[in-house]
Each structure stands twice: as structure tokens, then as C-alpha cells.
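**Q** My file is protein-v2.pdb. It has PDB, C-alpha atoms:
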ATOM      1  CA  MET A   1       0.000   0.000   0.000
ATOM      2  CA  PRO A   2       1.543   3.369  -0.977
ATOM      3  CA  VAL A   3       2.583   5.666   1.828
ATOM      4  CA  THR A   4       1.428   9.281   1.651
ATOM      5  CA  TRP A   5       4.077  11.742   2.774
ATOM      6  CA  PHE A   6       2.987  14.951   4.408
ATOM      7  CA  PRO A   7       4.801  17.898   2.868
ATOM      8  CA  THR A   8       6.073  20.514   5.273
ATOM      9  CA  SER A   9       4.361  23.514   3.744
ATOM     10  CA  GLN A  10       3.131  26.572   5.600
ATOM     11  CA  LEU A  11      -0.405  25.992   4.363
ATOM     12  CA  LEU A  12      -0.438  22.436   5.701
ATOM     13  CA  TRP A  13       0.642  23.425   9.206
ATOM     14  CA  VAL A  14      -1.772  26.343   9.324
ATOM     15  CA  ARG A  15      -4.651  24.001   8.444
ATOM     16  CA  ILE A  16      -3.549  21.454  11.036
ATOM     17  CA  ALA A  17      -3.451  24.233  13.632
ATOM     18  CA  ALA A  18      -6.951  25.382  12.620
ATOM     19  CA  VAL A  19      -8.294  21.806  12.967
ATOM     20  CA  LEU A  20      -6.761  21.452  16.425
ATOM     21  CA  PHE A  21      -7.976  24.850  17.628
ATOM     22  CA  THR A  22     -11.568  24.432  16.435
ATOM     23  CA  CYS A  23     -11.767  20.857  17.732
ATOM     24  CA  THR A  24     -10.518  22.002  21.137
ATOM     25  CA  ALA A  25     -12.926  24.960  21.222
ATOM     26  CA  PHE A  26     -16.116  22.950  20.773
ATOM     27  CA  SER A  27     -14.825  19.949  22.763
ATOM     28  CA  LEU A  28     -14.252  22.112  25.838
ATOM     29  CA  VAL A  29     -17.764  23.572  25.847
ATOM     30  CA  ALA A  30     -19.312  20.204  25.008
ATOM     31  CA  HIS A  31     -17.480  18.588  27.926
ATOM     32  CA  LYS A  32     -17.866  21.140  30.733
ATOM     33  CA  GLY A  33     -19.245  24.327  29.197
ATOM     34  CA  SER A  34     -22.816  23.778  30.453
ATOM     35  CA  LEU A  35     -24.239  25.893  27.627
ATOM     36  CA  PRO A  36     -27.985  26.384  27.145
ATOM     37  CA  HIS A  37     -29.612  24.896  24.067
ATOM     38  CA  GLY A  38     -30.560  27.113  21.138
ATOM     39  CA  GLY A  39     -29.748  30.665  20.141
ATOM     40  CA  MET A  40     -26.194  31.945  20.244
ATOM     41  CA  ALA A  41     -24.841  28.834  21.954
ATOM     42  CA  ASP A  42     -25.817  26.680  18.984
ATOM     43  CA  TRP A  43     -24.363  29.291  16.601
ATOM     44  CA  CYS A  44     -20.961  29.199  18.319
ATOM     45  CA  ILE A  45     -20.814  25.401  18.426
ATOM     46  CA  PHE A  46     -21.935  25.213  14.786
ATOM     47  CA  SER A  47     -19.224  27.714  13.795
ATOM     48  CA  TRP A  48     -16.466  25.642  15.393
ATOM     49  CA  ALA A  49     -17.819  22.252  14.295
ATOM     50  CA  PHE A  50     -18.454  23.345  10.682
ATOM     51  CA  SER A  51     -14.997  24.904  10.392
ATOM     52  CA  PHE A  52     -13.369  21.806  11.895
ATOM     53  CA  ALA A  53     -15.214  19.361   9.622
ATOM     54  CA  CYS A  54     -14.614  21.292   6.392
ATOM     55  CA  THR A  55     -10.928  21.921   7.116
ATOM     56  CA  LEU A  56     -10.398  18.268   8.022
ATOM     57  CA  LEU A  57     -12.030  17.321   4.704
ATOM     58  CA  VAL A  58      -9.659  19.641   2.813
ATOM     59  CA  LEU A  59      -6.658  18.148   4.626
ATOM     60  CA  LEU A  60      -7.675  14.559   3.921
ATOM     61  CA  VAL A  61      -8.430  15.191   0.247
ATOM     62  CA  GLU A  62      -5.131  16.981  -0.357
ATOM     63  CA  GLN A  63      -2.952  14.530   1.534
ATOM     64  CA  CYS A  64      -4.592  11.548  -0.186
ATOM     65  CA  SER A  65      -4.369  13.309  -3.589
ATOM     66  CA  LEU A  66      -8.091  12.936  -4.245
ATOM     67  CA  GLN A  67      -8.668  16.386  -5.756
ATOM     68  CA  SER A  68      -9.484  14.980  -9.190
ATOM     69  CA  ARG A  69     -12.203  12.744  -7.720
ATOM     70  CA  ILE A  70     -14.002  15.546  -5.896
ATOM     71  CA  PRO A  71     -16.700  17.215  -8.060
ATOM     72  CA  VAL A  72     -15.653  20.761  -7.152
ATOM     73  CA  SER A  73     -13.069  23.265  -8.320
ATOM     74  CA  TRP A  74     -10.128  22.613  -6.019
ATOM     75  CA  SER A  75      -8.587  25.984  -6.847
ATOM     76  CA  ASN A  76     -11.709  27.610  -5.354
ATOM     77  CA  PHE A  77     -13.005  25.246  -2.667
ATOM     78  CA  PRO A  78     -10.253  25.363   0.029
ATOM     79  CA  ILE A  79     -10.003  29.146   0.144
ATOM     80  CA  THR A  80     -13.802  29.451   0.214
ATOM     81  CA  VAL A  81     -13.889  27.126   3.221
ATOM     82  CA  ALA A  82     -11.082  29.072   4.921
ATOM     83  CA  CYS A  83     -12.788  32.424   4.358
ATOM     84  CA  TYR A  84     -16.142  31.248   5.718
ATOM     85  CA  ALA A  85     -14.404  29.543   8.638
ATOM     86  CA  SER A  86     -12.465  32.694   9.531
ATOM     87  CA  LEU A  87     -15.704  34.708   9.614
ATOM     88  CA  LEU A  88     -17.564  32.025  11.581
ATOM     89  CA  CYS A  89     -14.792  31.704  14.168
ATOM     90  CA  LEU A  90     -14.468  35.485  14.396
ATOM     91  CA  SER A  91     -18.194  35.814  15.107
ATOM     92  CA  ALA A  92     -18.004  33.019  17.708
ATOM     93  CA  SER A  93     -14.971  34.667  19.333
ATOM     94  CA  ILE A  94     -17.033  37.838  19.821
ATOM     95  CA  ILE A  95     -20.428  36.322  20.625
ATOM     96  CA  PHE A  96     -19.276  33.609  23.038
ATOM     97  CA  PRO A  97     -17.622  35.824  25.689
ATOM     98  CA  VAL A  98     -20.341  38.486  25.393
ATOM     99  CA  PHE A  99     -23.214  36.044  25.954
ATOM    100  CA  PHE A 100     -21.620  33.295  28.034
ATOM    101  CA  LEU A 101     -18.844  34.926  30.074
ATOM    102  CA  ARG A 102     -19.760  38.544  30.796
ATOM    103  CA  GLY A 103     -22.092  38.924  33.764
ATOM    104  CA  GLN A 104     -22.408  35.156  34.293
ATOM    105  CA  TYR A 105     -22.335  33.499  37.729
ATOM    106  CA  LEU A 106     -20.368  30.343  37.009
ATOM    107  CA  THR A 107     -18.381  27.762  38.895
ATOM    108  CA  GLN A 108     -14.629  28.011  38.502
ATOM    109  CA  GLU A 109     -14.482  24.863  36.376
ATOM    110  CA  ILE A 110     -17.191  26.001  33.927
ATOM    111  CA  SER A 111     -15.680  29.482  33.730
ATOM    112  CA  ASP A 112     -12.233  28.048  32.960
ATOM    113  CA  HIS A 113     -13.626  25.858  30.167
ATOM    114  CA  ARG A 114     -15.492  28.773  28.594
ATOM    115  CA  ILE A 115     -12.450  31.051  28.782
ATOM    116  CA  ALA A 116     -10.300  28.352  27.196
ATOM    117  CA  SER A 117     -12.867  27.878  24.397
ATOM    118  CA  THR A 118     -12.780  31.613  23.699
ATOM    119  CA  VAL A 119      -8.981  31.587  23.517
ATOM    120  CA  PHE A 120      -8.909  28.640  21.101
ATOM    121  CA  SER A 121     -11.643  30.263  19.002
ATOM    122  CA  CYS A 122      -9.481  33.370  18.668
ATOM    123  CA  LEU A 123      -6.478  31.235  17.727
ATOM    124  CA  ALA A 124      -8.574  29.434  15.103
ATOM    125  CA  THR A 125      -9.650  32.798  13.672
ATOM    126  CA  VAL A 126      -6.015  33.853  13.317
ATOM    127  CA  ALA A 127      -5.116  30.504  11.713
ATOM    128  CA  TYR A 128      -7.883  30.815   9.116
ATOM    129  CA  MET A 129      -6.953  34.411   8.336
ATOM    130  CA  VAL A 130      -3.356  33.303   7.768
ATOM    131  CA  GLU A 131      -4.601  30.522   5.470
ATOM    132  CA  VAL A 132      -6.631  33.007   3.427
ATOM    133  CA  SER A 133      -3.616  35.301   3.221
ATOM    134  CA  LEU A 134      -1.385  32.451   1.998
ATOM    135  CA  SER A 135      -3.948  31.149  -0.520
ATOM    136  CA  LYS A 136      -5.305  34.328  -2.112
ATOM    137  CA  ALA A 137      -4.219  35.442  -5.568
ATOM    138  CA  ARG A 138      -1.264  37.806  -5.726
ATOM    139  CA  PRO A 139      -1.375  41.021  -7.815
ATOM    140  CA  GLY A 140      -1.085  40.156 -11.491
ATOM    141  CA  GLU A 141      -1.641  36.443 -10.913
ATOM    142  CA  VAL A 142      -4.297  34.689 -12.990
ATOM    143  CA  ALA A 143      -6.237  32.517 -10.542
ATOM    144  CA  GLY A 144      -9.574  30.948  -9.704
ATOM    145  CA  TYR A 145     -12.277  33.505  -8.986
ATOM    146  CA  MET A 146     -12.646  32.702  -5.278
ATOM    147  CA  LYS A 147      -8.939  33.445  -4.749
ATOM    148  CA  THR A 148      -9.388  37.004  -5.996
ATOM    149  CA  ALA A 149     -10.585  40.000  -4.005
ATOM    150  CA  PRO A 150     -14.106  39.945  -5.556
ATOM    151  CA  GLY A 151     -14.427  36.227  -4.774
ATOM    152  CA  LEU A 152     -13.466  36.769  -1.139
ATOM    153  CA  MET A 153     -15.831  39.730  -0.959
ATOM    154  CA  LYS A 154     -18.673  37.476  -2.163
ATOM    155  CA  VAL A 155     -18.065  35.312   0.895
ATOM    156  CA  CYS A 156     -18.108  38.376   3.160
ATOM    157  CA  GLN A 157     -21.298  39.677   1.524
ATOM    158  CA  THR A 158     -23.180  36.434   2.116
ATOM    159  CA  PHE A 159     -21.905  36.175   5.687
ATOM    160  CA  VAL A 160     -22.935  39.743   6.547
ATOM    161  CA  ALA A 161     -26.368  39.053   5.038
ATOM    162  CA  CYS A 162     -26.738  35.980   7.281
ATOM    163  CA  ILE A 163     -25.996  38.103  10.354
ATOM    164  CA  ILE A 164     -28.595  40.633   9.176
ATOM    165  CA  PHE A 165     -31.172  37.836   8.811
ATOM    166  CA  MET A 166     -30.488  36.739  12.395
ATOM    167  CA  LEU A 167     -30.899  40.272  13.729
ATOM    168  CA  VAL A 168     -34.116  41.174  11.893
ATOM    169  CA  SER A 169     -35.906  37.871  12.520
ATOM    170  CA  ASP A 170     -35.892  37.785  16.327
ATOM    171  CA  PRO A 171     -38.053  39.761  16.817
ATOM    172  CA  VAL A 172     -39.324  40.516  13.307
ATOM    173  CA  SER A 173     -38.461  44.170  12.684
ATOM    174  CA  PHE A 174     -39.264  44.756   9.017
ATOM    175  CA  ASP A 175     -43.015  44.141   8.705
ATOM    176  CA  HIS A 176     -44.506  47.487   9.748
ATOM    177  CA  HIS A 177     -43.716  49.500   6.610
ATOM    178  CA  PRO A 178     -43.370  48.664   2.884
ATOM    179  CA  ALA A 179     -39.980  50.413   2.722
ATOM    180  CA  LEU A 180     -38.584  48.010   5.319
ATOM    181  CA  LYS A 181     -40.014  45.057   3.418
ATOM    182  CA  TRP A 182     -38.123  46.372   0.380
ATOM    183  CA  CYS A 183     -34.938  46.416   2.460
ATOM    184  CA  MET A 184     -35.546  42.797   3.399
ATOM    185  CA  ALA A 185     -36.091  41.962  -0.269
ATOM    186  CA  VAL A 186     -32.742  43.613  -1.063
ATOM    187  CA  TYR A 187     -30.967  41.506   1.556
ATOM    188  CA  CYS A 188     -32.569  38.297   0.270
ATOM    189  CA  ILE A 189     -32.087  38.916  -3.470
ATOM    190  CA  CYS A 190     -28.458  39.982  -3.135
ATOM    191  CA  PHE A 191     -27.702  37.109  -0.755
ATOM    192  CA  ILE A 192     -29.175  34.549  -3.168
ATOM    193  CA  LEU A 193     -27.270  35.938  -6.153
ATOM    194  CA  SER A 194     -23.954  36.206  -4.283
ATOM    195  CA  MET A 195     -24.332  32.686  -2.945
ATOM    196  CA  ALA A 196     -25.181  31.510  -6.468
ATOM    197  CA  VAL A 197     -21.887  32.991  -7.702
ATOM    198  CA  VAL A 198     -19.986  31.160  -4.940
ATOM    199  CA  VAL A 199     -21.715  27.864  -5.750
ATOM    200  CA  LEU A 200     -21.155  28.277  -9.502
ATOM    201  CA  CYS A 201     -17.439  28.916  -8.989
ATOM    202  CA  VAL A 202     -16.893  26.119  -6.475
ATOM    203  CA  GLY A 203     -19.000  23.719  -8.520
ATOM    204  CA  GLU A 204     -17.279  24.624 -11.819
ATOM    205  CA  CYS A 205     -20.619  25.581 -13.375
ATOM    206  CA  THR A 206     -19.901  29.115 -14.594
ATOM    207  CA  GLY A 207     -20.126  27.913 -18.203
ATOM    208  CA  CYS A 208     -23.775  26.953 -17.679
ATOM    209  CA  LEU A 209     -24.900  30.582 -17.654
ATOM    210  CA  PRO A 210     -26.613  31.874 -20.834
ATOM    211  CA  VAL A 211     -24.326  34.945 -20.773
ATOM    212  CA  PRO A 212     -20.551  35.257 -20.210
ATOM    213  CA  PHE A 213     -19.721  35.000 -16.514
ATOM    214  CA  SER A 214     -17.804  38.302 -16.514
ATOM    215  CA  LYS A 215     -20.809  40.171 -17.938
ATOM    216  CA  PHE A 216     -23.104  38.521 -15.401
ATOM    217  CA  LEU A 217     -20.808  39.661 -12.572
ATOM    218  CA  SER A 218     -20.692  43.245 -13.823
ATOM    219  CA  ALA A 219     -24.469  43.496 -14.330
ATOM    220  CA  TYR A 220     -25.247  41.874 -11.000
ATOM    221  CA  GLY A 221     -22.648  44.022  -9.214
ATOM    222  CA  LEU A 222     -24.186  47.217 -10.515
ATOM    223  CA  LEU A 223     -27.693  46.048  -9.587
ATOM    224  CA  ALA A 224     -26.574  45.062  -6.078
ATOM    225  CA  VAL A 225     -24.882  48.439  -5.489
ATOM    226  CA  ILE A 226     -28.053  50.308  -6.495
ATOM    227  CA  MET A 227     -30.288  48.068  -4.378
ATOM    228  CA  TYR A 228     -28.054  48.263  -1.293
ATOM    229  CA  LEU A 229     -27.802  52.029  -1.672
ATOM    230  CA  THR A 230     -31.590  52.268  -1.346
ATOM    231  CA  ALA A 231     -31.563  49.949   1.693
ATOM    232  CA  THR A 232     -28.735  51.935   3.313
ATOM    233  CA  ILE A 233     -30.887  55.069   3.046
ATOM    234  CA  LEU A 234     -34.325  53.604   3.794
ATOM    235  CA  TRP A 235     -33.533  51.365   6.781
ATOM    236  CA  PRO A 236     -32.378  54.163   9.156
ATOM    237  CA  ILE A 237     -35.171  56.510   8.045
ATOM    238  CA  PHE A 238     -38.016  54.078   8.660
ATOM    239  CA  GLN A 239     -36.508  52.553  11.808
ATOM    240  CA  PHE A 240     -35.299  55.627  13.682
ATOM    241  CA  ASP A 241     -37.542  58.494  12.503
ATOM    242  CA  LYS A 242     -40.234  58.987  15.163
ATOM    243  CA  LYS A 243     -42.881  59.291  12.458
ATOM    244  CA  TYR A 244     -42.339  55.681  11.291
ATOM    245  CA  SER A 245     -40.491  53.861  14.070
ATOM    246  CA  ARG A 246     -42.008  51.582  16.668
ATOM    247  CA  TRP A 247     -40.751  50.257  19.972
ATOM    248  CA  GLY A 248     -38.080  47.576  19.564
ATOM    249  CA  ASP A 249     -34.534  46.536  20.298
ATOM    250  CA  GLN A 250     -32.631  49.595  19.129
ATOM    251  CA  THR A 251     -29.272  47.866  19.490
ATOM    252  CA  LYS A 252     -30.206  45.263  16.874
ATOM    253  CA  LEU A 253     -31.699  47.887  14.565
ATOM    254  CA  ILE A 254     -28.518  49.982  14.754
ATOM    255  CA  ALA A 255     -26.430  46.869  14.063
ATOM    256  CA  VAL A 256     -28.531  46.129  10.966
ATOM    257  CA  ALA A 257     -28.062  49.716   9.742
ATOM    258  CA  ILE A 258     -24.279  49.425  10.186
ATOM    259  CA  LEU A 259     -24.124  46.020   8.482
ATOM    260  CA  THR A 260     -26.254  47.309   5.597
ATOM    261  CA  GLY A 261     -23.771  50.131   5.066
ATOM    262  CA  LEU A 262     -20.896  47.659   5.323
ATOM    263  CA  ASN A 263     -22.406  45.405   2.665
ATOM    264  CA  PHE A 264     -23.029  48.419   0.424
ATOM    265  CA  LEU A 265     -19.310  49.246   0.614
ATOM    266  CA  LEU A 266     -18.418  45.594  -0.075
ATOM    267  CA  TYR A 267     -20.622  45.522  -3.167
ATOM    268  CA  LEU A 268     -19.212  48.858  -4.323
ATOM    269  CA  ALA A 269     -15.633  47.623  -3.959
ATOM    270  CA  ASP A 270     -16.626  44.348  -5.606
ATOM    271  CA  LEU A 271     -18.004  46.208  -8.613
ATOM    272  CA  ALA A 272     -14.839  48.298  -8.921
ATOM    273  CA  TYR A 273     -12.611  45.203  -8.774
ATOM    274  CA  SER A 274     -14.810  43.163 -11.132
ATOM    275  CA  ALA A 275     -14.621  45.850 -13.784
ATOM    276  CA  ARG A 276     -10.902  45.248 -14.280
ATOM    277  CA  LEU A 277     -10.320  41.713 -13.062
ATOM    278  CA  VAL A 278      -8.885  38.954 -15.242
ATOM    279  CA  PHE A 279      -9.324  35.419 -13.970
ATOM    280  CA  VAL A 280      -9.726  31.846 -15.129
ATOM    281  CA  SER A 281     -12.197  29.225 -13.976
ATOM    282  CA  THR A 282     -10.418  25.969 -13.236
TER     283      THR A 282
END
Turn the structure described in the file into C-alpha cells.
**A**
Amino acid sequence: MPVTWFPTSQLLWVRIAAVLFTCTAFSLVAHKGSLPHGGMADWCIFSWAFSFACTLLVLLVEQCSLQSRIPVSWSNFPITVACYASLLCLSASIIFPVFFLRGQYLTQEISDHRIASTVFSCLATVAYMVEVSLSKARPGEVAGYMKTAPGLMKVCQTFVACIIFMLVSDPVSFDHHPALKWCMAVYCICFILSMAVVVLCVGECTGCLPVPFSKFLSAYGLLAVIMYLTATILWPIFQFDKKYSRWGDQTKLIAVAILTGLNFLLYLADLAYSARLVFVST
């Protein structure tokens, strides 16, 4: 039986570190974290477990040289996983101490386990950010779309949209005025299209579109910028103006307004990059 040698590359060791850190993070809270079920606790555990499982899959496929047997674009899949994992672990590193450490009356053992999970979550975030930095396309390099700045921004756009969905759904804060329903439609439409781009690139299906992929990206980018511009203006007006606003969690509404502006800037930068980007789908 052939022996597979593990090359001593930076990328390999960074991925191994990420697997160890994420595994330790969710193992600690599963063992003695005493977390409640549902809500933010499930989000944090999902973030660590998803990142661990996907990174372990990437490691196994690469070390067993099975890339050609996997029905995805291997120039796009690993960096997409790393980018999502970095954002998931970053969110868990912020949410976990805020909800499950600050102001909590815990035994010393439970507190120690939760603090340790937070530390390993932060280490995992750093590991994934290093992996993205090592894997992304360099200036002038012709690479798979997800390795380029617009590809990475697509991941960020979909992730920010998911956070917005979480904030506006509990409690529902967009159903008391048509303008806010339009904002929700903007979030949903742009999320679906950005996720479709990610799936098309990772699944090597960009050639299935009835129009050239580059033209689709440019047209969609322009549409998304215009739509998010309207949402960036309308959401604060109809949530914070006394004439239209209603009683609710102002902290969440402010967070949605900030994230809407952030996604508008991401789509604007994406459009600027896409206008001059040269890439290949592999």
C-alpha cells in the first residue's frame, strides 16, 4: 500500500493548527461548558464544528491526492472554506464571551472551560486568516475567482447578510412598513445571487450561464450596489424616525443599519474590482 508523505508547507501546518484549535474549542464547551440549548450557543458550536469538519475534509483530500475525484473546483473550494471559517470563528470569538462569560455566575471549572474555548476560538480565527492570506491570488496572478478580491468579498457579503437575517428575525423588525419590506427583499435577493456565484465557482458551473460570466458579474454588481444604496438610506429613516419607528430593540436595529452600510461598501468595492479583473475558472 503506498505511503502518503505529508509535505512541510506553511499551508499544511496552518490548516492542522486550525483543525486542532476548532476541535478544542467545541470539545471544551461540550465537555464542561454547560451551555444552554438554542440561540447563540448553537451558533458558536456550529461555527467551530463546521470549520473543523470542512478543514479536516480539505486536509484529507489533499494529503490523499483525491482532488481529481471531488466534483468541485479545487482551486476555489479550500479558500472558500477558509474564508467562511475565519468569519464564523471570528463571530463566535465575539459572541461567546459576550453572551456566556460577561455577567455570568459560574463555577470556577465552567468558567475556565469557557475562557479556554474563547482563547482557542481566537487562535482558530487567526489561523484561518493566515490561510486566506497564503492562498489568495497575488497582484497580477491569474487565478480561480474565489482566490481574488471579488471572490473573497462574495463570501463576506453572504456572511454579513446571514448576520442581518439573524438580527431582523428575532423579533421581526421589518413588517410594519413597505420600505422596510423592500430592504428585506434587497438583503434576500443579493444574498441569493452572491451565494449563487460562490456555488457556480466552487462547482465549476460558470459555463452553464446563458451569458458570459464576466458580464453577469458586472451586471449583477451594478444592480446590487443600487439596491443596497436604497436599503442603506431607507432602513435608518423608517426605523429611527419617530414618524415611522415603533418600539423595539434599538441595538439590533442599529447593528442592521451598520451592516447594511458595510455590505453596500463591499458591493461597491466588488463592482470596482470586477470591472478590471482577469481570472480563469479551473
**Q** Skipping near chain neighbours, those fewer than 4 positions away, what residues fall within 12 Å of range 50-52 of chain A using all atoms listed in the file, listed as an NGL selection string?
**A** :A and (15-27 or 42-46 or 56-59 or 78 or 80-90 or 92 or 121 or 124-125 or 127-128)
**Q** Please determine the residues with any atom at most 12 Å from (-20.6, 32.1, -5.7) (coordinates as given in the file, with all atoms listed in the file counting) and report them as a PDB file with C-alpha atoms, keeping the file's coordinate frame.
**A**
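As a result, result.pdb now contains:
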ATOM      1  CA  SER A  73     -13.069  23.265  -8.320  1.00  0.00           C
ATOM      2  CA  ASN A  76     -11.709  27.610  -5.354  1.00  0.00           C
ATOM      3  CA  PHE A  77     -13.005  25.246  -2.667  1.00  0.00           C
ATOM      4  CA  THR A  80     -13.802  29.451   0.214  1.00  0.00           C
ATOM      5  CA  GLY A 144      -9.574  30.948  -9.704  1.00  0.00           C
ATOM      6  CA  TYR A 145     -12.277  33.505  -8.986  1.00  0.00           C
ATOM      7  CA  MET A 146     -12.646  32.702  -5.278  1.00  0.00           C
ATOM      8  CA  LYS A 147      -8.939  33.445  -4.749  1.00  0.00           C
ATOM      9  CA  PRO A 150     -14.106  39.945  -5.556  1.00  0.00           C
ATOM     10  CA  GLY A 151     -14.427  36.227  -4.774  1.00  0.00           C
ATOM     11  CA  LEU A 152     -13.466  36.769  -1.139  1.00  0.00           C
ATOM     12  CA  MET A 153     -15.831  39.730  -0.959  1.00  0.00           C
ATOM     13  CA  LYS A 154     -18.673  37.476  -2.163  1.00  0.00           C
ATOM     14  CA  VAL A 155     -18.065  35.312   0.895  1.00  0.00           C
ATOM     15  CA  CYS A 156     -18.108  38.376   3.160  1.00  0.00           C
ATOM     16  CA  GLN A 157     -21.298  39.677   1.524  1.00  0.00           C
ATOM     17  CA  THR A 158     -23.180  36.434   2.116  1.00  0.00           C
ATOM     18  CA  CYS A 190     -28.458  39.982  -3.135  1.00  0.00           C
ATOM     19  CA  PHE A 191     -27.702  37.109  -0.755  1.00  0.00           C
ATOM     20  CA  ILE A 192     -29.175  34.549  -3.168  1.00  0.00           C
ATOM     21  CA  LEU A 193     -27.270  35.938  -6.153  1.00  0.00           C
ATOM     22  CA  SER A 194     -23.954  36.206  -4.283  1.00  0.00           C
ATOM     23  CA  MET A 195     -24.332  32.686  -2.945  1.00  0.00           C
ATOM     24  CA  ALA A 196     -25.181  31.510  -6.468  1.00  0.00           C
ATOM     25  CA  VAL A 197     -21.887  32.991  -7.702  1.00  0.00           C
ATOM     26  CA  VAL A 198     -19.986  31.160  -4.940  1.00  0.00           C
ATOM     27  CA  VAL A 199     -21.715  27.864  -5.750  1.00  0.00           C
ATOM     28  CA  LEU A 200     -21.155  28.277  -9.502  1.00  0.00           C
ATOM     29  CA  CYS A 201     -17.439  28.916  -8.989  1.00  0.00           C
ATOM     30  CA  VAL A 202     -16.893  26.119  -6.475  1.00  0.00           C
ATOM     31  CA  GLY A 203     -19.000  23.719  -8.520  1.00  0.00           C
ATOM     32  CA  GLU A 204     -17.279  24.624 -11.819  1.00  0.00           C
ATOM     33  CA  CYS A 205     -20.619  25.581 -13.375  1.00  0.00           C
ATOM     34  CA  THR A 206     -19.901  29.115 -14.594  1.00  0.00           C
ATOM     35  CA  PHE A 213     -19.721  35.000 -16.514  1.00  0.00           C
ATOM     36  CA  PHE A 216     -23.104  38.521 -15.401  1.00  0.00           C
ATOM     37  CA  LEU A 217     -20.808  39.661 -12.572  1.00  0.00           C
TER      38      LEU A 217
END
**Q** For CA of Asp175 in chain A and CA of Gln239 in chain A, determine how far apart the two atoms are, in Å to one decimal place.
**A**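 Atom-to-atom, CA of Asp175 in chain A to CA of Gln239 in chain A, that is 11.1 Å.
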**Q** Could you list the residues chosen by the PyMOL selection byres ((chain A and resi 219-221) around 9) in this structure as a PyMOL selection string?
**A** chain A and resi 190+193-194+214-218+222-226+267-268+270-272+274
**Q** What separation in Å, quoted to one decimal, exists between CA of Thr260 in chain A and CA of Val132 in chain A?
**A**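 Going from CA of Thr260 in chain A over to CA of Val132 in chain A covers 24.4 Å.
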**Q** Tell me, as number ranges by chain, which residues lie within 12 Å of Val98 in chain A, counting all atoms listed in the file; anything in the same chain fewer than 4 positions away does not count.
**A** A: 40-41, 44, 91-94, 102-104, 114-115, 118
**Q** Which residues come within 7 Å of Cys183 in chain A, counting only C-alpha atoms, excluding same-chain residues fewer than 4 positions away, as a list in words?
**A**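 Surrounding residues, per the criterion: Ala179, Tyr187, Ala231 and Trp235 of chain A.
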**Q** Mind dumping the selected residues with C-alpha atoms as a PDB file, keeping the file's coordinate frame?
**A**
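Output file part.pdb follows:
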ATOM      1  CA  ALA A 179     -39.980  50.413   2.722  1.00  0.00           C
ATOM      2  CA  TYR A 187     -30.967  41.506   1.556  1.00  0.00           C
ATOM      3  CA  ALA A 231     -31.563  49.949   1.693  1.00  0.00           C
ATOM      4  CA  TRP A 235     -33.533  51.365   6.781  1.00  0.00           C
TER       5      TRP A 235
END
**Q** Carefully work through the PyMOL selection byres ((chain A and resi 136) around 9) for this structure and note down the residues it includes, as an MDAnalysis selection string.
**A** chainID A and resid 79 131:135 137:138 143 146:149 152
**Q** What would the file look like if the residues just selected were written as a PDB file, keeping the file's coordinate frame with C-alpha atoms?
**A**
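File again.pdb, as written:
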ATOM      1  CA  ILE A  79     -10.003  29.146   0.144  1.00  0.00           C
ATOM      2  CA  GLU A 131      -4.601  30.522   5.470  1.00  0.00           C
ATOM      3  CA  VAL A 132      -6.631  33.007   3.427  1.00  0.00           C
ATOM      4  CA  SER A 133      -3.616  35.301   3.221  1.00  0.00           C
ATOM      5  CA  LEU A 134      -1.385  32.451   1.998  1.00  0.00           C
ATOM      6  CA  SER A 135      -3.948  31.149  -0.520  1.00  0.00           C
ATOM      7  CA  ALA A 137      -4.219  35.442  -5.568  1.00  0.00           C
ATOM      8  CA  ARG A 138      -1.264  37.806  -5.726  1.00  0.00           C
ATOM      9  CA  ALA A 143      -6.237  32.517 -10.542  1.00  0.00           C
ATOM     10  CA  MET A 146     -12.646  32.702  -5.278  1.00  0.00           C
ATOM     11  CA  LYS A 147      -8.939  33.445  -4.749  1.00  0.00           C
ATOM     12  CA  THR A 148      -9.388  37.004  -5.996  1.00  0.00           C
ATOM     13  CA  ALA A 149     -10.585  40.000  -4.005  1.00  0.00           C
ATOM     14  CA  LEU A 152     -13.466  36.769  -1.139  1.00  0.00           C
TER      15      LEU A 152
END
**Q** Can you tell me which residues surround Gly39 in chain A at a distance of at most 12 Å, considering all atoms listed in the file, apart from same-chain residues fewer than 6 positions away, and format the answer as a PyMOL selection string?
**A** chain A and resi 45-46+95-96+99-100+166-167+170
**Q** Show me, as a list in words, the residues that have an atom within 10 Å of Lys32 in chain A when counting only C-alpha atoms, minus same-chain residues fewer than 4 positions from it.
**A**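 Returned residues: Ser27, Leu28, Glu109, Ile110, Ser111, Asp112, His113 and Arg114 of chain A.
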**Q** Please write as a ChimeraX atom specification the list of polymer residues whose atoms come within 12 Å of (-37.8, 44.3, 7.3), counting all atoms listed in the file and keeping to the coordinates of the file.
**A** /A:164-188,231,234-236,238-239,253,256-257
**Q** Could you save the residues just selected, with C-alpha atoms, as a PDB file, in the frame of the given file?
**A**
ATOM      1  CA  ILE A 164     -28.595  40.633   9.176  1.00  0.00           C
ATOM      2  CA  PHE A 165     -31.172  37.836   8.811  1.00  0.00           C
ATOM      3  CA  MET A 166     -30.488  36.739  12.395  1.00  0.00           C
ATOM      4  CA  LEU A 167     -30.899  40.272  13.729  1.00  0.00           C
ATOM      5  CA  VAL A 168     -34.116  41.174  11.893  1.00  0.00           C
ATOM      6  CA  SER A 169     -35.906  37.871  12.520  1.00  0.00           C
ATOM      7  CA  ASP A 170     -35.892  37.785  16.327  1.00  0.00           C
ATOM      8  CA  PRO A 171     -38.053  39.761  16.817  1.00  0.00           C
ATOM      9  CA  VAL A 172     -39.324  40.516  13.307  1.00  0.00           C
ATOM     10  CA  SER A 173     -38.461  44.170  12.684  1.00  0.00           C
ATOM     11  CA  PHE A 174     -39.264  44.756   9.017  1.00  0.00           C
ATOM     12  CA  ASP A 175     -43.015  44.141   8.705  1.00  0.00           C
ATOM     13  CA  HIS A 176     -44.506  47.487   9.748  1.00  0.00           C
ATOM     14  CA  HIS A 177     -43.716  49.500   6.610  1.00  0.00           C
ATOM     15  CA  PRO A 178     -43.370  48.664   2.884  1.00  0.00           C
ATOM     16  CA  ALA A 179     -39.980  50.413   2.722  1.00  0.00           C
ATOM     17  CA  LEU A 180     -38.584  48.010   5.319  1.00  0.00           C
ATOM     18  CA  LYS A 181     -40.014  45.057   3.418  1.00  0.00           C
ATOM     19  CA  TRP A 182     -38.123  46.372   0.380  1.00  0.00           C
ATOM     20  CA  CYS A 183     -34.938  46.416   2.460  1.00  0.00           C
ATOM     21  CA  MET A 184     -35.546  42.797   3.399  1.00  0.00           C
ATOM     22  CA  ALA A 185     -36.091  41.962  -0.269  1.00  0.00           C
ATOM     23  CA  VAL A 186     -32.742  43.613  -1.063  1.00  0.00           C
ATOM     24  CA  TYR A 187     -30.967  41.506   1.556  1.00  0.00           C
ATOM     25  CA  CYS A 188     -32.569  38.297   0.270  1.00  0.00           C
ATOM     26  CA  ALA A 231     -31.563  49.949   1.693  1.00  0.00           C
ATOM     27  CA  LEU A 234     -34.325  53.604   3.794  1.00  0.00           C
ATOM     28  CA  TRP A 235     -33.533  51.365   6.781  1.00  0.00           C
ATOM     29  CA  PRO A 236     -32.378  54.163   9.156  1.00  0.00           C
ATOM     30  CA  PHE A 238     -38.016  54.078   8.660  1.00  0.00           C
ATOM     31  CA  GLN A 239     -36.508  52.553  11.808  1.00  0.00           C
ATOM     32  CA  LEU A 253     -31.699  47.887  14.565  1.00  0.00           C
ATOM     33  CA  VAL A 256     -28.531  46.129  10.966  1.00  0.00           C
ATOM     34  CA  ALA A 257     -28.062  49.716   9.742  1.00  0.00           C
TER      35      ALA A 257
END
